[in-house]
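Report on the following structure.
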Amino acid sequence: MSAGRPPDELEAEPDEPGDVLQLPMAPRATDIALGELEIVYAFIYARVGNRADAEDLTQQVAMKAIPRLREGSPASAIRGYLFATARSVLGGFWSTRLGLSEAELHEDLALAVPQSPPSEERADTVQRILAELSDNYRRVLELRFLHGYSLKEVAAEMHSTVGAVKVMQLRALRAAAKVKVYP
Amino acid sequence: MNKPENRVDKIVSDLLHGRRLRLSGGDADEKAAITAAARLAAARQGPQRMNPAFRKRLEQALELAPREPWLTRRAALVAGLGVAAGVVSGGLVGRILHGAPTAQVQGGGPIVPIGGRWVDVAAMSDLVEGQGTRVTAGSVGAFVFRRGDTVTAVTSICSHLPCELWWNGGQGLLDCPCHPVSFTAEGKSTDLAYPLPDLNTVHVRVTPAGRVEVLGTA
């Protein structure tokens, strides 16, 4: 913490106007990158499931990748670079938070570069997962995740107890994790 | 709350309420269930687009991506460079000239504003022991803390996103409104899993008359 006298060199003069203005990156590359970052954001959000983490991770991707991008790069090259960075950032996120190894993240890391935001991802993903589960597991996840039921409401709907629903939810999620979501 | 079904349900509940993943090493055993829950929660929302405010912040960050010797928007805000910040808002950035006087705004280091001057911000008797008090010294915003006869100060701008911190008296921390991170009165990030640079410190002094002065701008 700093206290007491300030450094001596305080008699500064303001920057001279007109001497200092320049873009750090030409607009076209920034605009392209912003468009591509929309797809990166959707990609990250689909894996972390919440806005706050998705925003932080997307910003990390942007700040890591953008300064290295060269003006004049085609959009496809920018997308490839951004997604390579996104995989690295996501890998770091999970490995830091959960101790996941890269091998365990293989499914994410090996994923092909998306061509556009997947408009049907919700229906495809949910149906693919749920179709593979037993009736009870499917029901508890449907009620919790699709209908937003509380544990109490799920318990009432399934004529069970909150404790039993919690255990069933955990087992259903473990089973869901084994379903291949992305072909 | 230690049973795995309880821990995982807490995470599910957070996700269903749109909160971020708060995980610990103990959750590693349930990593498969947690990643499945995150994907289901995301699928429930459908494909997501960036929030306009976030997109705007990102655009500004991209335009001001740190490149030596460039001055970033956050650095400009932290240093209270009114002129530079005004230029920045137009999508441009001021270059720090070699040999020219500059603002010192490295992570954790003290802020030395261009043309800085001491600004009276409070009386010692106004400051509550251990509590952060938001003060303004020209273009420099700071939180000052009193411990006995000593006063310290840190910037009021987050070290990550250019957002104004606020004092959370209950926990004795500076919270960032733009994302859930907090800093101690010493400017240290509290989240070990997601460490951020230290807050810049701000020069502060106490006069013989018991007035607190912060090094700010005119």
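In the structure tokens, chains take the letters A, B, ... in the order shown, each chain's residues start at 1, and ligands count up from 1 in the order shown.
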Spatial neighbours of Glu59 of chain B, 9 Å, only C-alpha atoms, chain gap at least 5 places, as a ChimeraX atom specification: /A:30-31,34 /B:54,64
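Nearest residue to chain B, choosing from A:Leu90, A:Ile78, A:Leu98, A:Ala155 and counting only C-alpha atoms: A:Leu98.
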Need the shell around Arg205 of chain B: protein/DNA/RNA residues with any atom at most 12 Å away, counting only C-alpha atoms. Skip same-chain ones fewer than 3 positions apart. Format as number ranges by chain? A: 1-6; B: 117-124, 144-146, 149-153, 202, 208-216
Contact table chain B vs chain A, cut-off 7 Å, shortest pair per residue, only C-alpha atoms, as JSON lines:
```
{"residue": "B:Glu5", "atom": "CA", "partner": "A:Val167", "partner_atom": "CA", "distance": 5.4}
{"residue": "B:Asn6", "atom": "CA", "partner": "A:Lys166", "partner_atom": "CA", "distance": 7.0}
{"residue": "B:Val8", "atom": "CA", "partner": "A:Leu170", "partner_atom": "CA", "distance": 6.8}
{"residue": "B:Asp9", "atom": "CA", "partner": "A:Lys166", "partner_atom": "CA", "distance": 6.6}
{"residue": "B:Leu15", "atom": "CA", "partner": "A:Asn50", "partner_atom": "CA", "distance": 6.3}
{"residue": "B:Gly18", "atom": "CA", "partner": "A:Asn50", "partner_atom": "CA", "distance": 5.5}
{"residue": "B:Arg19", "atom": "CA", "partner": "A:Asn50", "partner_atom": "CA", "distance": 6.2}
{"residue": "B:Arg20", "atom": "CA", "partner": "A:Asn50", "partner_atom": "CA", "distance": 5.6}
{"residue": "B:Leu23", "atom": "CA", "partner": "A:Arg97", "partner_atom": "CA", "distance": 6.0}
{"residue": "B:Ser24", "atom": "CA", "partner": "A:Arg97", "partner_atom": "CA", "distance": 6.3}
{"residue": "B:Gly25", "atom": "CA", "partner": "A:Leu98", "partner_atom": "CA", "distance": 5.8}
{"residue": "B:Asp27", "atom": "CA", "partner": "A:Leu98", "partner_atom": "CA", "distance": 6.5}
{"residue": "B:Ala28", "atom": "CA", "partner": "A:Leu98", "partner_atom": "CA", "distance": 4.7}
{"residue": "B:Lys31", "atom": "CA", "partner": "A:Leu98", "partner_atom": "CA", "distance": 6.5}
{"residue": "B:Ala32", "atom": "CA", "partner": "A:Ala177", "partner_atom": "CA", "distance": 5.5}
{"residue": "B:Ala33", "atom": "CA", "partner": "A:Arg174", "partner_atom": "CA", "distance": 4.6}
{"residue": "B:Ala36", "atom": "CA", "partner": "A:Ala177", "partner_atom": "CA", "distance": 5.0}
{"residue": "B:Ala37", "atom": "CA", "partner": "A:Leu173", "partner_atom": "CA", "distance": 6.5}
{"residue": "B:Ala38", "atom": "CA", "partner": "A:Gly49", "partner_atom": "CA", "distance": 4.5}
{"residue": "B:Arg39", "atom": "CA", "partner": "A:Arg47", "partner_atom": "CA", "distance": 5.2}
{"residue": "B:Leu40", "atom": "CA", "partner": "A:Phe145", "partner_atom": "CA", "distance": 6.7}
{"residue": "B:Ala41", "atom": "CA", "partner": "A:Gly49", "partner_atom": "CA", "distance": 5.2}
{"residue": "B:Ala42", "atom": "CA", "partner": "A:Gly49", "partner_atom": "CA", "distance": 4.1}
{"residue": "B:Ala43", "atom": "CA", "partner": "A:Arg122", "partner_atom": "CA", "distance": 4.5}
{"residue": "B:Arg44", "atom": "CA", "partner": "A:Leu146", "partner_atom": "CA", "distance": 5.8}
{"residue": "B:Gly46", "atom": "CA", "partner": "A:Arg122", "partner_atom": "CA", "distance": 4.8}
{"residue": "B:Pro47", "atom": "CA", "partner": "A:Ala42", "partner_atom": "CA", "distance": 6.0}
{"residue": "B:Gln48", "atom": "CA", "partner": "A:Ala42", "partner_atom": "CA", "distance": 5.2}
{"residue": "B:Arg49", "atom": "CA", "partner": "A:Glu38", "partner_atom": "CA", "distance": 6.2}
{"residue": "B:Met50", "atom": "CA", "partner": "A:Glu38", "partner_atom": "CA", "distance": 6.3}
{"residue": "B:Leu58", "atom": "CA", "partner": "A:Gln59", "partner_atom": "CA", "distance": 6.7}
{"residue": "B:Leu62", "atom": "CA", "partner": "A:Thr30", "partner_atom": "CA", "distance": 6.8}
{"residue": "B:Glu63", "atom": "CA", "partner": "A:Pro24", "partner_atom": "CA", "distance": 6.4}
{"residue": "B:Leu64", "atom": "CA", "partner": "A:Pro24", "partner_atom": "CA", "distance": 6.6}
{"residue": "B:Ala65", "atom": "CA", "partner": "A:Pro67", "partner_atom": "CA", "distance": 6.4}
{"residue": "B:Leu92", "atom": "CA", "partner": "A:Leu23", "partner_atom": "CA", "distance": 5.9}
{"residue": "B:Val93", "atom": "CA", "partner": "A:Leu21", "partner_atom": "CA", "distance": 6.0}
{"residue": "B:Gly94", "atom": "CA", "partner": "A:Val20", "partner_atom": "CA", "distance": 5.0}
{"residue": "B:Arg95", "atom": "CA", "partner": "A:Val20", "partner_atom": "CA", "distance": 5.0}
{"residue": "B:Pro101", "atom": "CA", "partner": "A:Ala12", "partner_atom": "CA", "distance": 5.3}
{"residue": "B:Pro110", "atom": "CA", "partner": "A:Ser2", "partner_atom": "CA", "distance": 6.5}
{"residue": "B:Ile114", "atom": "CA", "partner": "A:Ala12", "partner_atom": "CA", "distance": 5.2}
{"residue": "B:Gly115", "atom": "CA", "partner": "A:Ala12", "partner_atom": "CA", "distance": 4.9}
{"residue": "B:Gly116", "atom": "CA", "partner": "A:Leu10", "partner_atom": "CA", "distance": 5.8}
{"residue": "B:Thr152", "atom": "CA", "partner": "A:Met1", "partner_atom": "CA", "distance": 6.0}
{"residue": "B:Ala153", "atom": "CA", "partner": "A:Met1", "partner_atom": "CA", "distance": 6.9}
{"residue": "B:His179", "atom": "CA", "partner": "A:Ala52", "partner_atom": "CA", "distance": 6.6}
{"residue": "B:Ala193", "atom": "CA", "partner": "A:Thr96", "partner_atom": "CA", "distance": 6.8}
{"residue": "B:Thr201", "atom": "CA", "partner": "A:Met1", "partner_atom": "CA", "distance": 5.9}
{"residue": "B:Val202", "atom": "CA", "partner": "A:Ser2", "partner_atom": "CA", "distance": 6.4}
{"residue": "B:His203", "atom": "CA", "partner": "A:Ala3", "partner_atom": "CA", "distance": 5.2}
{"residue": "B:Val204", "atom": "CA", "partner": "A:Ala3", "partner_atom": "CA", "distance": 4.9}
{"residue": "B:Arg205", "atom": "CA", "partner": "A:Gly4", "partner_atom": "CA", "distance": 5.0}
```
Quick check, in Å to one decimal: how far apart do atom CA of Leu174 of chain B and atom CA of Gln131 of chain B lie?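 Between atom CA of Leu174 of chain B and atom CA of Gln131 of chain B the gap is 10.3 Å.
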